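Student: For reference, this is work-v2.csv, and it has CSV, C-alpha atoms.
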chain,number,residue,atom,x,y,z
A,1,MET,CA,146.4,131.1,172.8
A,2,PHE,CA,147.6,130.3,169.5
A,3,ILE,CA,144.8,131.5,167.3
A,4,CYS,CA,144.5,135.0,166.0
A,5,ARG,CA,141.8,137.2,167.5
A,6,ARG,CA,140.3,137.9,164.1
A,7,LEU,CA,139.7,134.1,163.7
A,8,LEU,CA,138.3,132.9,166.9
A,9,GLN,CA,138.7,135.1,169.9
A,10,LEU,CA,139.5,131.9,171.8
A,11,GLY,CA,139.2,132.7,175.5
A,12,THR,CA,141.4,130.6,177.7
A,13,LEU,CA,143.7,129.2,175.1
A,14,SER,CA,146.9,130.9,175.9
A,15,ALA,CA,149.3,131.9,173.1
A,16,LEU,CA,151.7,129.1,172.4
A,17,LEU,CA,154.5,131.4,173.3
A,18,ALA,CA,153.1,131.6,176.7
A,19,GLY,CA,150.3,129.5,177.9
A,20,CYS,CA,147.3,127.6,177.0
A,21,SER,CA,144.1,126.7,178.9
A,22,THR,CA,144.2,123.9,181.4
A,23,THR,CA,140.9,122.2,180.5
A,24,ALA,CA,138.3,122.4,177.8
A,25,PRO,CA,136.7,125.7,178.8
A,26,THR,CA,133.2,126.6,178.1
A,27,ALA,CA,134.3,129.8,176.6
A,28,PRO,CA,132.3,132.0,174.3
A,29,ASN,CA,133.4,132.3,170.7
A,30,SER,CA,135.0,128.9,170.9
A,31,LEU,CA,135.3,126.4,168.1
A,32,ALA,CA,131.7,125.5,168.6
A,33,ALA,CA,129.1,127.7,167.0
A,34,GLN,CA,127.0,130.0,169.3
A,35,PRO,CA,123.5,130.5,168.0
A,36,ALA,CA,122.2,134.0,167.7
A,37,ALA,CA,119.6,133.4,170.3
A,38,ALA,CA,122.0,132.2,172.9
A,39,THR,CA,121.8,133.9,176.3
A,40,ALA,CA,124.7,136.0,177.6
A,41,ASN,CA,125.8,133.1,179.9
A,42,ALA,CA,125.4,130.2,177.5
A,43,ALA,CA,128.2,127.6,178.0
A,44,ILE,CA,130.0,126.8,174.8
A,45,ARG,CA,132.6,124.1,174.7
A,46,ILE,CA,135.7,124.1,172.6
A,47,GLY,CA,135.3,121.7,169.7
A,48,PRO,CA,132.2,120.6,167.9
A,49,SER,CA,129.0,120.0,169.9
A,50,THR,CA,129.3,116.3,168.9
A,51,PRO,CA,133.1,115.7,168.7
A,52,THR,CA,134.2,114.4,165.3
A,53,PRO,CA,136.9,111.7,165.2
A,54,GLY,CA,140.4,112.9,165.1
A,55,SER,CA,143.1,110.7,163.8
A,56,GLU,CA,142.4,107.0,163.2
A,57,LEU,CA,144.7,106.0,166.1
A,58,PRO,CA,142.9,104.5,169.1
A,59,ASP,CA,143.3,106.4,172.4
A,60,ASP,CA,146.4,105.4,174.4
A,61,ALA,CA,148.1,103.8,171.4
A,62,PRO,CA,151.8,104.4,170.9
A,63,ALA,CA,152.0,108.0,169.5
A,64,THR,CA,155.2,107.6,167.5
A,65,LEU,CA,155.7,104.0,166.6
A,66,THR,CA,155.1,101.9,163.5
A,67,ALA,CA,153.3,98.5,163.7
A,68,THR,CA,156.8,96.8,164.1
A,69,GLY,CA,157.5,98.9,167.2
A,70,ALA,CA,160.1,101.2,165.6
A,71,LEU,CA,159.8,104.9,165.6
A,72,ARG,CA,157.9,106.3,162.6
A,73,PRO,CA,160.3,107.6,160.0
A,74,GLU,CA,159.3,111.2,160.5
A,75,VAL,CA,159.7,110.9,164.2
A,76,ARG,CA,163.1,109.2,163.9
A,77,SER,CA,164.3,112.1,161.6
A,78,PHE,CA,162.9,114.6,164.1
A,79,VAL,CA,164.7,113.2,167.1
A,80,GLU,CA,168.0,112.6,165.2
A,81,GLU,CA,168.1,116.2,163.9
A,82,LEU,CA,167.2,117.5,167.4
A,83,ALA,CA,170.0,115.5,169.0
A,84,ALA,CA,172.5,116.7,166.4
A,85,GLU,CA,171.5,120.4,166.4
A,86,ARG,CA,171.3,120.8,170.2
A,87,GLN,CA,174.0,118.3,171.1
A,88,LEU,CA,171.5,116.2,173.2
A,89,PRO,CA,171.7,112.5,174.0
A,90,LEU,CA,169.8,110.6,171.4
A,91,ASP,CA,169.0,107.3,173.2
A,92,PRO,CA,167.0,108.9,176.1
A,93,MET,CA,165.0,111.0,173.7
A,94,VAL,CA,164.2,108.0,171.5
A,95,LYS,CA,163.1,106.0,174.6
A,96,ALA,CA,160.9,108.9,175.7
A,97,LEU,CA,159.2,109.1,172.4
A,98,GLU,CA,158.8,105.4,172.2
A,99,GLY,CA,156.9,105.6,175.5
A,100,SER,CA,154.6,108.5,174.4
A,101,ARG,CA,151.0,107.7,173.9
A,102,TYR,CA,148.4,109.1,171.5
A,103,ASN,CA,145.7,111.1,173.3
A,104,ALA,CA,142.4,111.2,171.4
A,105,THR,CA,141.0,113.7,173.9
A,106,VAL,CA,143.8,116.1,173.0
A,107,SER,CA,143.0,115.6,169.3
A,108,ARG,CA,139.3,116.3,169.8
A,109,LEU,CA,139.9,119.4,171.8
A,110,ILE,CA,142.2,120.9,169.2
A,111,ALA,CA,140.2,119.8,166.1
A,112,PRO,CA,138.3,122.4,164.1
A,113,SER,CA,134.6,122.6,164.3
A,114,PRO,CA,132.5,121.1,161.5
A,115,PRO,CA,132.4,123.2,158.3
A,116,GLY,CA,129.6,125.7,157.9
A,117,LYS,CA,129.3,126.5,161.6
A,118,LYS,CA,129.2,130.2,162.4
A,119,ILE,CA,131.5,131.3,165.2
A,120,TRP,CA,129.8,134.0,167.2
A,121,ARG,CA,132.0,136.3,169.3
A,122,SER,CA,130.5,137.8,172.4
A,123,TRP,CA,132.6,140.1,174.7
A,124,LEU,CA,130.0,140.1,177.5
A,125,THR,CA,129.8,136.3,177.6
A,126,TYR,CA,133.6,136.0,177.5
A,127,ARG,CA,134.1,138.6,180.2
A,128,SER,CA,131.5,137.0,182.5
A,129,ARG,CA,133.6,133.9,182.7
A,130,PHE,CA,136.7,135.6,184.0
A,131,VAL,CA,135.6,138.8,185.7
A,132,GLU,CA,133.2,137.2,188.2
A,133,PRO,CA,132.9,137.0,192.0
A,134,LYS,CA,134.7,133.8,192.7
A,135,ARG,CA,137.7,134.6,190.5
A,136,ILE,CA,137.8,138.1,192.0
A,137,GLY,CA,137.6,136.8,195.5
A,138,TRP,CA,140.3,134.2,195.0
A,139,GLY,CA,142.4,136.9,193.3
A,140,VAL,CA,142.2,139.0,196.4
A,141,ASP,CA,143.2,136.0,198.5
A,142,PHE,CA,146.1,135.2,196.1
A,143,TYR,CA,147.2,138.8,196.2
A,144,ASN,CA,147.2,139.0,200.0
A,145,GLU,CA,149.0,135.7,200.4
A,146,ASN,CA,151.7,136.7,198.0
A,147,ARG,CA,151.8,140.4,198.4
A,148,ASP,CA,155.5,140.6,199.0
A,149,LEU,CA,156.4,138.4,196.0
A,150,LEU,CA,154.0,140.3,193.7
A,151,ASN,CA,155.5,143.6,194.8
A,152,GLN,CA,159.0,142.3,194.2
A,153,ALA,CA,158.1,141.3,190.7
A,154,ALA,CA,156.4,144.6,190.1
A,155,GLN,CA,159.6,146.4,191.2
A,156,ARG,CA,161.8,144.1,189.1
A,157,PHE,CA,159.9,144.1,185.9
A,158,GLY,CA,157.6,147.1,186.1
A,159,VAL,CA,154.5,145.0,185.7
A,160,PRO,CA,151.8,145.9,188.4
A,161,ALA,CA,151.1,143.2,191.0
A,162,PRO,CA,147.4,143.0,190.1
A,163,ILE,CA,148.2,142.3,186.4
A,164,ILE,CA,150.4,139.4,187.4
A,165,ALA,CA,147.9,138.0,189.8
A,166,SER,CA,145.1,138.4,187.2
A,167,ILE,CA,147.0,136.5,184.5
A,168,ILE,CA,147.5,133.6,186.9
A,169,GLY,CA,143.9,133.8,187.8
A,170,VAL,CA,142.7,133.7,184.2
A,171,GLU,CA,145.0,131.0,183.2
A,172,THR,CA,144.6,128.5,186.1
A,173,LEU,CA,142.4,129.9,188.8
A,174,TYR,CA,145.5,130.9,190.8
A,175,GLY,CA,147.0,127.4,190.4
A,176,ARG,CA,143.8,125.4,191.1
A,177,ASN,CA,143.5,124.1,187.6
A,178,MET,CA,146.8,123.5,185.9
A,179,GLY,CA,145.8,120.5,183.8
A,180,ASN,CA,146.4,116.8,184.1
A,181,PHE,CA,147.5,115.8,180.6
A,182,ARG,CA,150.9,114.2,180.3
A,183,VAL,CA,152.7,117.0,178.3
A,184,LEU,CA,154.8,114.5,176.3
A,185,ASP,CA,151.7,112.7,175.1
A,186,ALA,CA,149.9,115.9,174.2
A,187,LEU,CA,152.8,117.4,172.3
A,188,ALA,CA,153.6,114.1,170.5
A,189,THR,CA,149.9,113.7,169.5
A,190,LEU,CA,149.8,117.3,168.1
A,191,ALA,CA,153.2,117.2,166.5
A,192,PHE,CA,152.8,114.0,164.6
A,193,ASP,CA,149.0,113.5,164.3
A,194,TYR,CA,147.6,117.0,164.2
A,195,PRO,CA,143.8,116.6,163.6
A,196,ASP,CA,143.5,119.2,160.9
A,197,PRO,CA,145.5,118.2,157.7
A,198,ASN,CA,144.8,121.6,156.3
A,199,LYS,CA,147.0,123.2,158.9
A,200,PRO,CA,150.4,121.7,158.5
A,201,GLU,CA,152.0,124.8,160.1
A,202,ARG,CA,150.3,123.9,163.4
A,203,ALA,CA,151.9,120.5,163.4
A,204,THR,CA,155.3,122.2,162.7
A,205,MET,CA,154.7,124.6,165.5
A,206,PHE,CA,153.9,121.7,168.0
A,207,ARG,CA,157.1,119.9,166.8
A,208,GLY,CA,159.0,123.0,167.9
A,209,GLN,CA,157.3,122.8,171.3
A,210,LEU,CA,158.1,119.1,171.6
A,211,ALA,CA,161.7,119.8,170.7
A,212,ASP,CA,161.9,122.4,173.5
A,213,PHE,CA,160.2,120.1,175.9
A,214,LEU,CA,162.6,117.3,175.2
A,215,THR,CA,165.5,119.8,175.5
A,216,LEU,CA,164.4,120.9,178.9
A,217,ALA,CA,163.9,117.3,180.0
A,218,MET,CA,167.3,116.3,178.8
A,219,LYS,CA,168.9,119.2,180.7
A,220,ASP,CA,167.0,118.1,183.9
A,221,LYS,CA,164.9,121.3,183.9
A,222,LEU,CA,161.6,119.4,183.3
A,223,ASP,CA,160.4,115.9,184.2
A,224,LEU,CA,159.3,113.7,181.3
A,225,GLU,CA,156.2,113.0,183.4
A,226,THR,CA,155.2,116.7,183.7
A,227,ARG,CA,151.5,117.3,183.5
A,228,GLY,CA,149.8,120.3,181.9
A,229,SER,CA,147.1,121.5,179.5
A,230,TYR,CA,145.8,119.6,176.5
A,231,ALA,CA,148.0,121.8,174.3
A,232,GLY,CA,151.1,121.2,176.4
A,233,ALA,CA,151.1,124.4,178.6
A,234,ILE,CA,152.7,124.0,182.1
A,235,GLY,CA,152.2,125.4,185.5
A,236,MET,CA,150.4,128.3,187.2
A,237,PRO,CA,151.1,130.7,184.3
A,238,GLN,CA,150.5,128.0,181.6
A,239,PHE,CA,153.8,128.5,179.8
A,240,MET,CA,154.6,126.4,176.7
A,241,PRO,CA,158.0,124.8,176.7
A,242,THR,CA,159.4,127.5,174.4
A,243,SER,CA,158.4,130.2,176.8
A,244,ILE,CA,159.9,128.3,179.7
A,245,MET,CA,163.2,128.3,177.8
A,246,HIS,CA,163.1,132.0,177.0
A,247,TYR,CA,161.1,133.8,179.7
A,248,ALA,CA,160.8,131.7,182.8
A,249,VAL,CA,162.6,132.9,185.9
A,250,ASP,CA,164.2,131.2,188.9
A,251,GLY,CA,162.4,133.5,191.3
A,252,ASP,CA,163.9,132.2,194.6
A,253,ASP,CA,167.4,131.5,193.2
A,254,ASN,CA,167.4,127.9,194.2
A,255,GLY,CA,168.8,126.8,190.8
A,256,HIS,CA,165.6,125.3,189.5
A,257,ILE,CA,162.5,126.7,187.8
A,258,ASP,CA,159.3,125.1,188.9
A,259,LEU,CA,156.1,126.9,187.5
A,260,THR,CA,153.8,124.2,189.0
A,261,ASN,CA,154.8,124.1,192.7
A,262,ASN,CA,156.8,127.3,193.2
A,263,THR,CA,154.6,130.4,193.3
A,264,GLN,CA,157.6,132.7,193.4
A,265,ASP,CA,158.9,131.2,190.1
A,266,ALA,CA,155.5,131.6,188.5
A,267,ILE,CA,155.0,135.2,189.6
A,268,MET,CA,158.4,136.3,188.5
A,269,SER,CA,158.1,134.4,185.2
A,270,VAL,CA,154.8,136.2,184.3
A,271,GLY,CA,156.5,139.6,185.0
A,272,SER,CA,159.5,138.5,182.9
A,273,PHE,CA,157.3,137.5,180.0
A,274,LEU,CA,155.4,140.7,179.8
A,275,ALA,CA,158.5,142.9,180.3
A,276,GLN,CA,160.2,141.1,177.4
A,277,HIS,CA,157.1,141.6,175.2
A,278,GLY,CA,156.9,145.4,175.5
A,279,TRP,CA,155.4,146.2,178.9
A,280,GLN,CA,156.3,149.7,179.9
A,281,ARG,CA,156.6,150.6,183.6
A,282,GLY,CA,154.0,153.2,184.7
A,283,LEU,CA,151.9,153.1,181.6
A,284,PRO,CA,148.2,152.3,181.9
A,285,VAL,CA,146.6,149.5,179.9
A,286,PHE,CA,144.0,151.8,178.4
A,287,ALA,CA,144.2,155.5,177.7
A,288,PRO,CA,141.6,157.6,179.5
A,289,VAL,CA,139.8,158.5,176.3
A,290,ALA,CA,136.3,158.9,175.0
A,291,LEU,CA,136.0,157.9,171.4
A,292,PRO,CA,133.7,159.4,168.8
A,293,ALA,CA,130.2,158.0,168.4
A,294,ASP,CA,131.3,155.6,165.7
A,295,PRO,CA,135.0,154.6,165.9
A,296,THR,CA,134.7,151.6,163.7
A,297,ALA,CA,137.0,153.1,161.1
A,298,LEU,CA,139.7,153.6,163.7
A,299,VAL,CA,140.0,149.8,164.4
A,300,ASP,CA,142.6,147.9,162.4
A,301,GLY,CA,142.3,144.6,164.3
A,302,GLY,CA,146.0,144.3,164.6
A,303,LEU,CA,148.2,143.2,167.6
A,304,GLU,CA,150.5,146.3,167.4
A,305,PRO,CA,149.5,149.9,168.3
A,306,LYS,CA,149.8,152.0,165.1
A,307,GLN,CA,147.9,155.2,165.8
A,308,SER,CA,148.9,158.4,167.6
A,309,TRP,CA,146.9,160.5,170.0
A,310,GLY,CA,147.1,163.3,167.5
A,311,THR,CA,145.3,161.1,164.9
A,312,LEU,CA,142.7,160.0,167.3
A,313,SER,CA,141.9,163.4,168.6
A,314,ALA,CA,141.7,164.7,165.0
A,315,ALA,CA,139.1,161.9,164.5
A,316,GLY,CA,137.0,163.2,167.4
A,317,ALA,CA,138.5,161.4,170.5
A,318,ARG,CA,138.6,163.4,173.7
A,319,LEU,CA,140.2,163.0,177.1
A,320,LEU,CA,137.9,161.9,179.9
A,321,PRO,CA,137.2,164.6,182.5
A,322,GLY,CA,140.2,165.2,184.8
A,323,ALA,CA,142.5,163.0,182.6
A,324,SER,CA,145.8,164.1,181.0
A,325,THR,CA,148.0,162.7,178.3
A,326,THR,CA,151.0,162.3,180.7
A,327,GLY,CA,152.9,159.2,180.0
A,328,TRP,CA,150.8,157.7,177.3
A,329,GLY,CA,150.1,160.6,175.0
A,330,SER,CA,153.4,160.2,173.1
A,331,GLN,CA,153.0,156.4,172.8
A,332,PRO,CA,151.5,154.5,169.9
A,333,LEU,CA,147.9,153.6,170.5
A,334,GLY,CA,145.3,151.2,169.1
A,335,VAL,CA,141.5,151.2,169.1
A,336,VAL,CA,140.2,147.9,170.5
A,337,ASP,CA,136.8,146.6,169.5
A,338,LEU,CA,135.0,144.2,171.9
A,339,VAL,CA,132.2,142.8,169.8
A,340,GLU,CA,128.8,141.4,170.4
A,341,GLU,CA,128.6,139.8,167.0
A,342,ALA,CA,125.1,138.4,167.2
A,343,ARG,CA,123.8,141.8,168.1
A,344,GLY,CA,125.9,143.7,165.7
A,345,THR,CA,127.3,145.9,168.5
A,346,ALA,CA,130.7,146.6,170.1
A,347,GLN,CA,132.4,148.3,173.0
A,348,TYR,CA,135.5,150.3,172.2
A,349,ARG,CA,138.6,151.2,174.2
A,350,VAL,CA,142.0,152.7,173.4
A,351,GLY,CA,144.9,150.4,174.2
A,352,THR,CA,148.4,151.6,175.0
A,353,PRO,CA,151.5,149.5,174.4
A,354,ASN,CA,150.8,147.7,177.6
A,355,PHE,CA,147.5,146.4,176.3
A,356,PHE,CA,149.3,145.0,173.3
A,357,ALA,CA,151.9,143.4,175.6
A,358,LEU,CA,149.0,141.4,177.1
A,359,THR,CA,148.0,140.2,173.7
A,360,LYS,CA,151.4,138.6,173.3
A,361,TYR,CA,150.3,136.3,176.1
A,362,ASN,CA,147.2,135.4,174.3
A,363,ARG,CA,146.4,136.9,170.9
A,364,SER,CA,142.9,138.1,171.8
A,365,TYR,CA,141.5,141.5,172.5
A,366,PHE,CA,139.0,139.7,174.7
A,367,TYR,CA,141.7,138.0,176.7
A,368,ALA,CA,143.8,141.1,177.3
A,369,THR,CA,140.8,143.2,178.3
A,370,SER,CA,139.6,140.5,180.7
A,371,VAL,CA,143.0,140.4,182.3
A,372,ALA,CA,143.0,144.2,182.7
A,373,ASP,CA,139.4,144.3,184.1
A,374,LEU,CA,140.1,141.4,186.5
A,375,ALA,CA,143.2,143.2,187.7
A,376,SER,CA,141.2,146.4,188.3
A,377,GLU,CA,138.7,144.5,190.4
A,378,ILE,CA,141.4,142.8,192.5
A,379,GLU,CA,143.2,146.1,193.0
A,380,ALA,CA,140.1,147.9,194.1
A,381,ARG,CA,139.5,145.3,196.8
A,382,VAL,CA,143.0,144.9,198.1
A,383,ARG,CA,143.2,148.6,198.7
A,384,ARG,CA,140.2,148.7,201.0
As structure tokens, how would this structure be written, given the file I've shared?

Tutor:
Amino acid sequence: MFICRRLLQLGTLSALLAGCSTTAPTAPNSLAAQPAAATANAAIRIGPSTPTPGSELPDDAPATLTATGALRPEVRSFVEELAAERQLPLDPMVKALEGSRYNATVSRLIAPSPPGKKIWRSWLTYRSRFVEPKRIGWGVDFYNENRDLLNQAAQRFGVPAPIIASIIGVETLYGRNMGNFRVLDALATLAFDYPDPNKPERATMFRGQLADFLTLAMKDKLDLETRGSYAGAIGMPQFMPTSIMHYAVDGDDNGHIDLTNNTQDAIMSVGSFLAQHGWQRGLPVFAPVALPADPTALVDGGLEPKQSWGTLSAAGARLLPGASTTGWGSQPLGVVDLVEEARGTAQYRVGTPNFFALTKYNRSYFYATSVADLASEIEARVRR
């Protein structure tokens, strides 16, 4: 979730402020190239088709130590600064980092694809992975089993129950697939041996996540042995450590937040995240609008809505039959393009601020639209 939509349209990678995918998904428009002749359901893995070596470290080697067994200088500086800035105990953090292990699989999954490979984006392929019968059926089950909790979260945060259920479904199949990477190892690997030397800002970002993970661990809010995704995301909603610090909620008021085993905490935390990222109670995700025949010029590709209904209607947009502008008509809007790059086509929708709140969870038009569409399918069935 940490790569801009205009770069990759990565499907199940959650934004690092929220969550990341649990496994190496076979998502469309991934880091592997998708040939123009690929079928709509072609499985594309993240990473090159033949993985390239990441760092020269062997798998399961100490992630942060020199040959003499001491912490690497940059790691020592990192942990000493962290202890001083946040008034945390130094020795336990040093011991934790001394015990962290380099994970070559993590490095391969994050590594860029070989140069010269075209990244083909396909909305239909992407959507078919998430808005499909099994995920819909499990979503209905999850909704029915947790109806009261979901409704409590909806009341508290203004986020509809189907949206919350859908995010948990897209992220981890409703808790079935939360990842089995040791988070400390994943974050240490990416913080100090990021596989792309041309992206130093990514290593910096992962150091920030590692700092927050260690902070949570030192305050007894996370276990050092916590398991999660290959990018360090945790629990049913796949929150990164920074998001746990800022947005996670103790849903059952037991004094502890557990996003892995406590469904109430997970549900409330998703609602909290979206509410704090601009979700507006009662607003639809998409405006009921028919766009002009060629709305390409109305798309800016950004992650904030910048247009008005007046501007769109002047450009030829019209309300769908029976629709009104109540609620959303005075809000900023954005035209969303859902591309079939190999075919040179696209679907278009008009997103409200609630659509763009979903993109704060994962910076992808594909992701946010899939969440909305899956939520609609779940809602239609639980109402029957």

Student: Within 8 Å of (160.2, 119.9, 177.8) in the file's own coordinates, which protein, DNA or RNA residues have an atom, counting all atoms listed in the file? List them as a PyMOL selection string.

Tutor: chain A and resi 184+209-217+221-224+241

Student: Pull the closest atom pair for each residue of segment 58-136 of chain A that gets at most 12 Å from segment 360-384 of chain A, along with the distance in Å to one decimal, counting all atoms listed in the file, ordering rows by chain and then ascending residue number, as a Markdown table.

Tutor:
| residue | atom | partner | partner_atom | distance |
| --- | --- | --- | --- | --- |
| A:Arg121 | CA | A:Phe366 | CA | 9.5 |
| A:Ser122 | CA | A:Phe366 | CA | 9.0 |
| A:Trp123 | CA | A:Phe366 | CA | 6.4 |
| A:Leu124 | CA | A:Phe366 | CA | 9.4 |
| A:Thr125 | CA | A:Phe366 | CA | 10.2 |
| A:Tyr126 | CA | A:Phe366 | CA | 7.1 |
| A:Arg127 | CA | A:Ser370 | CA | 5.8 |
| A:Ser128 | CA | A:Ser370 | CA | 9.0 |
| A:Arg129 | CA | A:Ser370 | CA | 9.1 |
| A:Phe130 | CA | A:Ser370 | CA | 6.6 |
| A:Val131 | CA | A:Leu374 | CA | 5.3 |
| A:Glu132 | CA | A:Leu374 | CA | 8.3 |
| A:Pro133 | CA | A:Glu377 | CA | 9.6 |
| A:Lys134 | CA | A:Leu374 | CA | 11.2 |
| A:Arg135 | CA | A:Leu374 | CA | 8.2 |
| A:Ile136 | CA | A:Ile378 | CA | 5.9 |

Student: Excluding segment 343-357 of chain A and residues on its chain fewer than 6 positions from it, collect all residues at most 6 Å away from it, counting all atoms listed in the file, and give them as a PDB file with C-alpha atoms, keeping the file's coordinate frame.

Tutor:
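Final output, saved to around-v4.pdb:
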ATOM      1  CA  HIS A 277     157.100 141.600 175.200  1.00  0.00           C
ATOM      2  CA  GLY A 278     156.900 145.400 175.500  1.00  0.00           C
ATOM      3  CA  TRP A 279     155.400 146.200 178.900  1.00  0.00           C
ATOM      4  CA  VAL A 285     146.600 149.500 179.900  1.00  0.00           C
ATOM      5  CA  PHE A 286     144.000 151.800 178.400  1.00  0.00           C
ATOM      6  CA  ALA A 287     144.200 155.500 177.700  1.00  0.00           C
ATOM      7  CA  LEU A 333     147.900 153.600 170.500  1.00  0.00           C
ATOM      8  CA  GLY A 334     145.300 151.200 169.100  1.00  0.00           C
ATOM      9  CA  VAL A 335     141.500 151.200 169.100  1.00  0.00           C
ATOM     10  CA  VAL A 336     140.200 147.900 170.500  1.00  0.00           C
ATOM     11  CA  ASP A 337     136.800 146.600 169.500  1.00  0.00           C
TER      12      ASP A 337
END

Student: Pick the closest to Leu291 of chain A from A:Ile163, A:Leu320, A:Ile267, A:Ala275: which is it, counting only C-alpha atoms?

Tutor: A:Leu320

Student: Of the candidates A:Ala315, A:Val270, A:Ile234, A:Leu88, which one gets nearest to Asp258 of chain A if we count all atoms listed in the file?

Tutor: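 Checking each of A:Ala315, A:Val270, A:Ile234, A:Leu88 against Asp258 of chain A, counting all atoms listed in the file, the winner is A:Ile234.
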
Student: Calculate how many Å separate atom CA of Tyr143 of chain A from atom CA of Ala165 of chain A, rounding to one decimal.

Tutor: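 Separation of atom CA of Tyr143 of chain A and atom CA of Ala165 of chain A: 6.5 Å.
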
Student: Taking all atoms listed in the file into account, which of A:Asp148, A:Ala290, A:Asn254, A:Asp196 comes nearest Pro114 of chain A?

Tutor: A:Asp196

Student: Which one is closest to Val79 of chain A: A:Ala188, A:Ala154, A:Leu298, A:Ala161? Count all atoms listed in the file.

Tutor: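 Answer, going by the shortest atom-to-atom distance: A:Ala188.
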
Student: Just to confirm, what's the straight-line distance from atom CA of Pro332 of chain A to atom CA of Gly310 of chain A in Å (one decimal)?

Tutor: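 The value is 10.1 Å.
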
Student: Expressed in Å to a single decimal, how great is the separation between atom CA of Ser308 of chain A and atom CA of Leu338 of chain A?

Tutor: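 Going from atom CA of Ser308 of chain A over to atom CA of Leu338 of chain A covers 20.3 Å.
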